[in-house]
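Engineer: Hey, dropping model-v8.cif in here, mmCIF, C-alpha atoms; chains and numbers go by the auth columns:
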data_model
loop_
_atom_site.group_PDB
_atom_site.id
_atom_site.type_symbol
_atom_site.label_atom_id
_atom_site.label_comp_id
_atom_site.label_asym_id
_atom_site.label_seq_id
_atom_site.Cartn_x
_atom_site.Cartn_y
_atom_site.Cartn_z
_atom_site.B_iso_or_equiv
_atom_site.auth_seq_id
_atom_site.auth_asym_id
ATOM 1 C CA MET A 1 -36.914 8.567 -18.608 0.00 1 A
ATOM 2 C CA LEU A 2 -35.243 11.530 -16.971 0.00 2 A
ATOM 3 C CA VAL A 3 -31.550 12.340 -17.401 0.00 3 A
ATOM 4 C CA LEU A 4 -30.259 14.523 -14.578 0.00 4 A
ATOM 5 C CA GLY A 5 -27.166 16.655 -14.520 0.00 5 A
ATOM 6 C CA SER A 6 -25.984 18.568 -11.497 0.00 6 A
ATOM 7 C CA LEU A 7 -26.111 22.250 -12.460 0.00 7 A
ATOM 8 C CA PRO A 8 -25.592 23.964 -15.839 0.00 8 A
ATOM 9 C CA SER A 9 -22.047 24.983 -16.740 0.00 9 A
ATOM 10 C CA ARG A 10 -21.107 28.546 -17.607 0.00 10 A
ATOM 11 C CA ALA A 11 -21.265 27.646 -21.315 0.00 11 A
ATOM 12 C CA SER A 12 -24.764 26.209 -20.881 0.00 12 A
ATOM 13 C CA LEU A 13 -25.976 29.227 -18.931 0.00 13 A
ATOM 14 C CA GLN A 14 -24.550 31.600 -21.514 0.00 14 A
ATOM 15 C CA ALA A 15 -26.066 29.679 -24.445 0.00 15 A
ATOM 16 C CA GLN A 16 -29.307 28.881 -22.560 0.00 16 A
ATOM 17 C CA GLU A 17 -28.898 25.268 -23.709 0.00 17 A
ATOM 18 C CA TYR A 18 -28.237 22.072 -21.816 0.00 18 A
ATOM 19 C CA TYR A 19 -24.741 20.649 -22.358 0.00 19 A
ATOM 20 C CA ALA A 20 -23.554 23.569 -24.473 0.00 20 A
ATOM 21 C CA HIS A 21 -19.825 23.110 -23.850 0.00 21 A
ATOM 22 C CA PRO A 22 -18.441 21.956 -27.221 0.00 22 A
ATOM 23 C CA ARG A 23 -16.385 19.158 -25.644 0.00 23 A
ATOM 24 C CA ASN A 24 -19.238 17.762 -23.549 0.00 24 A
ATOM 25 C CA ALA A 25 -20.151 14.363 -25.033 0.00 25 A
ATOM 26 C CA PHE A 26 -23.865 14.458 -24.117 0.00 26 A
ATOM 27 C CA TRP A 27 -25.241 15.516 -27.503 0.00 27 A
ATOM 28 C CA LYS A 28 -22.826 13.287 -29.388 0.00 28 A
ATOM 29 C CA ILE A 29 -24.030 10.329 -27.305 0.00 29 A
ATOM 30 C CA MET A 30 -27.675 11.327 -27.751 0.00 30 A
ATOM 31 C CA GLN A 31 -27.173 11.580 -31.499 0.00 31 A
ATOM 32 C CA VAL A 32 -26.086 7.931 -31.587 0.00 32 A
ATOM 33 C CA ILE A 33 -28.695 6.656 -29.126 0.00 33 A
ATOM 34 C CA ALA A 34 -31.746 8.796 -29.924 0.00 34 A
ATOM 35 C CA GLY A 35 -31.010 10.425 -33.275 0.00 35 A
ATOM 36 C CA ALA A 36 -30.709 13.854 -31.631 0.00 36 A
ATOM 37 C CA ALA A 37 -29.079 15.898 -34.400 0.00 37 A
ATOM 38 C CA GLY A 38 -29.293 19.368 -35.883 0.00 38 A
ATOM 39 C CA ASP A 39 -29.842 22.599 -34.016 0.00 39 A
ATOM 40 C CA TYR A 40 -30.639 22.672 -30.317 0.00 40 A
ATOM 41 C CA GLU A 41 -34.406 22.761 -30.831 0.00 41 A
ATOM 42 C CA SER A 42 -34.272 19.744 -33.156 0.00 42 A
ATOM 43 C CA ARG A 43 -32.098 17.774 -30.733 0.00 43 A
ATOM 44 C CA CYS A 44 -34.492 18.501 -27.860 0.00 44 A
ATOM 45 C CA ARG A 45 -37.467 17.490 -29.990 0.00 45 A
ATOM 46 C CA SER A 46 -35.738 14.185 -30.838 0.00 46 A
ATOM 47 C CA LEU A 47 -35.224 13.438 -27.156 0.00 47 A
ATOM 48 C CA GLN A 48 -38.824 14.327 -26.373 0.00 48 A
ATOM 49 C CA GLU A 49 -40.067 12.018 -29.131 0.00 49 A
ATOM 50 C CA GLN A 50 -37.982 9.209 -27.612 0.00 50 A
ATOM 51 C CA GLY A 51 -39.418 9.857 -24.136 0.00 51 A
ATOM 52 C CA ILE A 52 -36.235 11.381 -22.711 0.00 52 A
ATOM 53 C CA ALA A 53 -36.398 14.439 -20.448 0.00 53 A
ATOM 54 C CA VAL A 54 -33.285 16.392 -19.454 0.00 54 A
ATOM 55 C CA TRP A 55 -33.012 18.454 -16.283 0.00 55 A
ATOM 56 C CA ASP A 56 -30.685 19.287 -13.403 0.00 56 A
ATOM 57 C CA VAL A 57 -30.866 18.280 -9.769 0.00 57 A
ATOM 58 C CA LEU A 58 -30.203 21.844 -8.650 0.00 58 A
ATOM 59 C CA SER A 59 -32.093 24.940 -9.689 0.00 59 A
ATOM 60 C CA SER A 60 -29.343 27.150 -8.268 0.00 60 A
ATOM 61 C CA SER A 61 -26.122 27.157 -6.282 0.00 61 A
ATOM 62 C CA VAL A 62 -22.945 29.136 -5.886 0.00 62 A
ATOM 63 C CA ARG A 63 -20.248 27.665 -8.094 0.00 63 A
ATOM 64 C CA PRO A 64 -17.115 29.499 -9.173 0.00 64 A
ATOM 65 C CA GLY A 65 -16.394 28.008 -12.582 0.00 65 A
ATOM 66 C CA SER A 66 -18.074 24.976 -14.101 0.00 66 A
ATOM 67 C CA LEU A 67 -16.661 22.017 -12.189 0.00 67 A
ATOM 68 C CA ASP A 68 -19.083 19.981 -10.093 0.00 68 A
ATOM 69 C CA ALA A 69 -16.432 19.778 -7.390 0.00 69 A
ATOM 70 C CA ASP A 70 -16.725 23.555 -6.943 0.00 70 A
ATOM 71 C CA ILE A 71 -20.467 23.548 -6.171 0.00 71 A
ATOM 72 C CA ASP A 72 -21.078 25.127 -2.771 0.00 72 A
ATOM 73 C CA MET A 73 -23.407 22.542 -1.266 0.00 73 A
ATOM 74 C CA THR A 74 -24.525 24.930 1.491 0.00 74 A
ATOM 75 C CA SER A 75 -26.076 27.184 -1.164 0.00 75 A
ATOM 76 C CA ALA A 76 -27.597 24.331 -3.210 0.00 76 A
ATOM 77 C CA VAL A 77 -31.307 24.646 -3.998 0.00 77 A
ATOM 78 C CA PRO A 78 -32.884 21.555 -5.600 0.00 78 A
ATOM 79 C CA ASN A 79 -35.453 21.667 -8.363 0.00 79 A
ATOM 80 C CA ASP A 80 -39.033 20.755 -7.431 0.00 80 A
ATOM 81 C CA PHE A 81 -39.096 17.029 -8.141 0.00 81 A
ATOM 82 C CA ASP A 82 -42.430 16.429 -6.447 0.00 82 A
ATOM 83 C CA ASP A 83 -44.118 18.739 -8.965 0.00 83 A
ATOM 84 C CA PHE A 84 -42.076 17.298 -11.831 0.00 84 A
ATOM 85 C CA PHE A 85 -43.031 13.713 -11.045 0.00 85 A
ATOM 86 C CA ALA A 86 -46.654 14.703 -10.477 0.00 86 A
ATOM 87 C CA ALA A 87 -46.727 16.283 -13.950 0.00 87 A
ATOM 88 C CA HIS A 88 -44.723 13.454 -15.564 0.00 88 A
ATOM 89 C CA SER A 89 -46.100 10.315 -13.960 0.00 89 A
ATOM 90 C CA ASP A 90 -44.841 8.161 -16.840 0.00 90 A
ATOM 91 C CA VAL A 91 -41.182 8.572 -15.798 0.00 91 A
ATOM 92 C CA ARG A 92 -39.887 5.212 -14.611 0.00 92 A
ATOM 93 C CA LEU A 93 -36.114 5.608 -14.957 0.00 93 A
ATOM 94 C CA VAL A 94 -33.910 8.398 -13.626 0.00 94 A
ATOM 95 C CA CYS A 95 -30.388 8.459 -15.067 0.00 95 A
ATOM 96 C CA PHE A 96 -27.674 10.471 -13.374 0.00 96 A
ATOM 97 C CA ASN A 97 -25.121 12.084 -15.667 0.00 97 A
ATOM 98 C CA GLY A 98 -22.236 11.547 -13.277 0.00 98 A
ATOM 99 C CA ARG A 99 -21.695 10.834 -9.604 0.00 99 A
ATOM 100 C CA LYS A 100 -22.201 14.418 -8.443 0.00 100 A
ATOM 101 C CA ALA A 101 -25.740 14.507 -9.850 0.00 101 A
ATOM 102 C CA ARG A 102 -26.557 11.276 -8.006 0.00 102 A
ATOM 103 C CA GLN A 103 -24.949 12.524 -4.806 0.00 103 A
ATOM 104 C CA MET A 104 -26.927 15.777 -4.888 0.00 104 A
ATOM 105 C CA TYR A 105 -30.173 13.952 -5.658 0.00 105 A
ATOM 106 C CA GLN A 106 -29.628 11.600 -2.740 0.00 106 A
ATOM 107 C CA ARG A 107 -28.723 14.470 -0.442 0.00 107 A
ATOM 108 C CA HIS A 108 -31.361 17.022 -1.439 0.00 108 A
ATOM 109 C CA VAL A 109 -34.227 15.171 -3.080 0.00 109 A
ATOM 110 C CA GLN A 110 -34.729 11.448 -2.497 0.00 110 A
ATOM 111 C CA SER A 111 -38.164 11.986 -3.995 0.00 111 A
ATOM 112 C CA SER A 112 -40.235 9.116 -5.220 0.00 112 A
ATOM 113 C CA ARG A 113 -43.845 8.455 -5.993 0.00 113 A
ATOM 114 C CA PRO A 114 -45.607 6.291 -3.438 0.00 114 A
ATOM 115 C CA GLY A 115 -46.823 2.999 -4.851 0.00 115 A
ATOM 116 C CA GLU A 116 -44.883 3.339 -8.106 0.00 116 A
ATOM 117 C CA GLU A 117 -41.500 1.952 -8.965 0.00 117 A
ATOM 118 C CA LEU A 118 -38.842 4.488 -9.894 0.00 118 A
ATOM 119 C CA ARG A 119 -35.516 3.016 -11.006 0.00 119 A
ATOM 120 C CA PHE A 120 -32.178 4.823 -10.914 0.00 120 A
ATOM 121 C CA ALA A 121 -29.040 4.429 -13.027 0.00 121 A
ATOM 122 C CA LEU A 122 -25.638 6.047 -12.628 0.00 122 A
ATOM 123 C CA LEU A 123 -24.011 6.907 -15.961 0.00 123 A
ATOM 124 C CA PRO A 124 -20.487 8.205 -16.499 0.00 124 A
ATOM 125 C CA SER A 125 -20.353 11.968 -16.739 0.00 125 A
ATOM 126 C CA THR A 126 -20.323 13.372 -20.251 0.00 126 A
ATOM 127 C CA SER A 127 -18.293 16.339 -19.028 0.00 127 A
ATOM 128 C CA PRO A 128 -14.897 16.912 -20.618 0.00 128 A
ATOM 129 C CA ALA A 129 -13.546 17.067 -17.044 0.00 129 A
ATOM 130 C CA HIS A 130 -14.390 13.359 -16.680 0.00 130 A
ATOM 131 C CA ALA A 131 -11.562 12.064 -18.844 0.00 131 A
ATOM 132 C CA SER A 132 -10.977 8.698 -17.169 0.00 132 A
ATOM 133 C CA LEU A 133 -13.172 7.035 -19.813 0.00 133 A
ATOM 134 C CA ALA A 134 -12.856 7.426 -23.562 0.00 134 A
ATOM 135 C CA PHE A 135 -15.914 8.560 -25.525 0.00 135 A
ATOM 136 C CA GLU A 136 -16.482 5.023 -26.832 0.00 136 A
ATOM 137 C CA GLU A 137 -16.543 3.639 -23.285 0.00 137 A
ATOM 138 C CA LYS A 138 -19.022 6.293 -22.144 0.00 138 A
ATOM 139 C CA LEU A 139 -21.196 5.648 -25.187 0.00 139 A
ATOM 140 C CA GLU A 140 -21.266 1.902 -24.559 0.00 140 A
ATOM 141 C CA ILE A 141 -22.408 2.375 -20.945 0.00 141 A
ATOM 142 C CA TRP A 142 -25.034 4.974 -21.880 0.00 142 A
ATOM 143 C CA ARG A 143 -26.336 2.733 -24.683 0.00 143 A
ATOM 144 C CA GLY A 144 -26.593 -0.239 -22.348 0.00 144 A
ATOM 145 C CA ILE A 145 -28.873 1.697 -19.990 0.00 145 A
ATOM 146 C CA ILE A 146 -30.879 3.918 -22.346 0.00 146 A
ATOM 147 C CA GLU A 147 -31.418 1.900 -25.530 0.00 147 A
ATOM 148 C CA PRO A 148 -33.383 -0.905 -23.820 0.00 148 A
ATOM 149 C CA GLU A 149 -35.769 1.747 -22.459 0.00 149 A
ATOM 150 C CA LEU A 150 -36.485 3.498 -25.753 0.00 150 A
ATOM 151 C CA GLY A 151 -40.005 2.916 -26.941 0.00 151 A
ATOM 152 C CA ARG A 152 -41.252 1.573 -23.606 0.00 152 A
ATOM 153 C CA GLY A 153 -44.450 3.231 -22.580 0.00 153 A
ATOM 154 C CA GLN A 154 -44.939 5.054 -25.863 0.00 154 A
ATOM 155 C CA GLY A 155 -48.460 4.961 -27.150 0.00 155 A
ATOM 156 C CA THR A 156 -49.908 4.361 -23.697 0.00 156 A
#
Have the structure of the file written as structure tokens, please.

Structural biologist:
Amino acid sequence: MLVLGSLPSRASLQAQEYYAHPRNAFWKIMQVIAGAAGDYESRCRSLQEQGIAVWDVLSSSVRPGSLDADIDMTSAVPNDFDDFFAAHSDVRLVCFNGRKARQMYQRHVQSSRPGEELRFALLPSTSPAHASLAFEEKLEIWRGIIEPELGRGQGT
């Protein structure tokens, strides 16, 4: 599966790590779901072993600050999903970490592989700016989508 964010935050860019903001719930959720614990390299390895890839819809854009609402859509440049899916043909589920990631994917990408089924799931944003759901509520939704997929396709 592929988990897509919108664009890295300032904290993530500075640390050169996905979801580096200390209040972002992504790694806490992934620790529960996929056992992703320890340093950044160990957490990434855990996700990889579970068949979970993490990326962003956009490769670049103008954004003052870190809020998705501040992304200048006229400057948005999407990542190359055709090449990604060609290199990772086993991806069957794309999860959007928040509405903005889904919106940007629909607007800029809408890529799929002919003849193969690609499913999509909208998950609540793990960003600390998305405070309308408590951590436990976010975790429950993420678990409901991701846990049933773990282990599918491994060993094939």

Engineer: Find the distance between CA of Asn79 in chain A and CA of Leu7 in chain A and write it in Å to one decimal.

Structural biologist: 10.2 Å

Engineer: Counting all atoms listed in the file, which of A:Leu139, A:Leu58, A:Leu150, A:Ala101 gets nearest to Gln31 in chain A?

Structural biologist: A:Leu139

Engineer: Mind checking which residues fall within 7 Å of Val91 in chain A, counting only C-alpha atoms, ignoring those fewer than 3 positions away in the same chain, and posting them as JSON, numbers by chain?

Structural biologist: {"A": [1, 2, 88]}

Engineer: Can you tell me how far CA of Phe84 in chain A sits from CA of Val54 in chain A, in Å to one decimal?

Structural biologist: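 Distance between the two atoms: 11.7 Å.
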
Engineer: To one decimal in Å, tell me the separation between CA of Glu49 in chain A and CA of Ile33 in chain A.

Structural biologist: 12.6 Å

Engineer: Translate the PyMOL selection byres ((chain A and resi 56) around 6) into a concrete residue list for this structure, as a list of chain:residue names.

Structural biologist: A:Leu4, A:Gly5, A:Ser6, A:Leu7, A:Trp55, A:Val57, A:Leu58

Engineer: Identify which of the residues A:Val3, A:Leu133, A:Val32, A:Leu118 lies closest to Glu147 in chain A, counting all atoms listed in the file when measuring atom-to-atom distances.

Structural biologist: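 Counting all atoms listed in the file, the residue closest to Glu147 in chain A is A:Val32.
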
Engineer: Do you have, as JSON lines, the list of residues of range 73-115 of chain A lying at most 8 Å from range 122-127 of chain A, each with its nearest atom pair and that distance in Å to one decimal, counting only C-alpha atoms and ordered by chain then number?

Structural biologist:
{"residue": "A:Cys95", "atom": "CA", "partner": "A:Leu122", "partner_atom": "CA", "distance": 5.9}
{"residue": "A:Phe96", "atom": "CA", "partner": "A:Leu122", "partner_atom": "CA", "distance": 4.9}
{"residue": "A:Asn97", "atom": "CA", "partner": "A:Ser125", "partner_atom": "CA", "distance": 4.9}
{"residue": "A:Gly98", "atom": "CA", "partner": "A:Ser125", "partner_atom": "CA", "distance": 4.0}
{"residue": "A:Arg99", "atom": "CA", "partner": "A:Leu122", "partner_atom": "CA", "distance": 6.9}
{"residue": "A:Arg102", "atom": "CA", "partner": "A:Leu122", "partner_atom": "CA", "distance": 7.0}

Engineer: Which residue is closest to Ile52 in chain A? Choose from A:Leu93, A:Ala131, A:Ala11, A:Met104 and count all atoms listed in the file.

Structural biologist: A:Leu93

Engineer: Check the smallest atom-to-atom distance from each of A:Arg10, A:Ala25, A:Gln103, A:Ala86 to Ala134 in chain A using all atoms listed in the file, then report the winner.

Structural biologist: A:Ala25

Engineer: Between A:Ile146, A:Ala129, A:Ala87, A:Ala15, single out the one closest to Tyr40 in chain A, counting only C-alpha atoms.

Structural biologist: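 Of A:Ile146, A:Ala129, A:Ala87, A:Ala15, the one nearest Tyr40 in chain A, counting only C-alpha atoms, is A:Ala15.
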
Engineer: Restricting the calculation to only C-alpha atoms, which member of A:Arg92, A:His21, A:Lys138, A:Arg43 is positioned closest to Arg119 in chain A?

Structural biologist: A:Arg92

Engineer: Draw an axis-aligned box over all listed atoms of range 101-107 of chain A, pad each side with 4 Å, and write its centre and edge lengths in Å, one decimal, as JSON.

Structural biologist:
{"center_x": -27.6, "center_y": 13.5, "center_z": -5.1, "size_x": 13.2, "size_y": 12.5, "size_z": 17.4}

Engineer: Residues proximal to (-29.9, 19.7, -2.5) were defined as those with any atom within 6 Å of that point in the file's coordinates, counting only C-alpha atoms. Which are they, as a list in words?

Structural biologist: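 Protein, DNA and RNA residues close to (-29.9, 19.7, -2.5): Ala76, Val77, Pro78, Met104, Arg107 and His108 of chain A.
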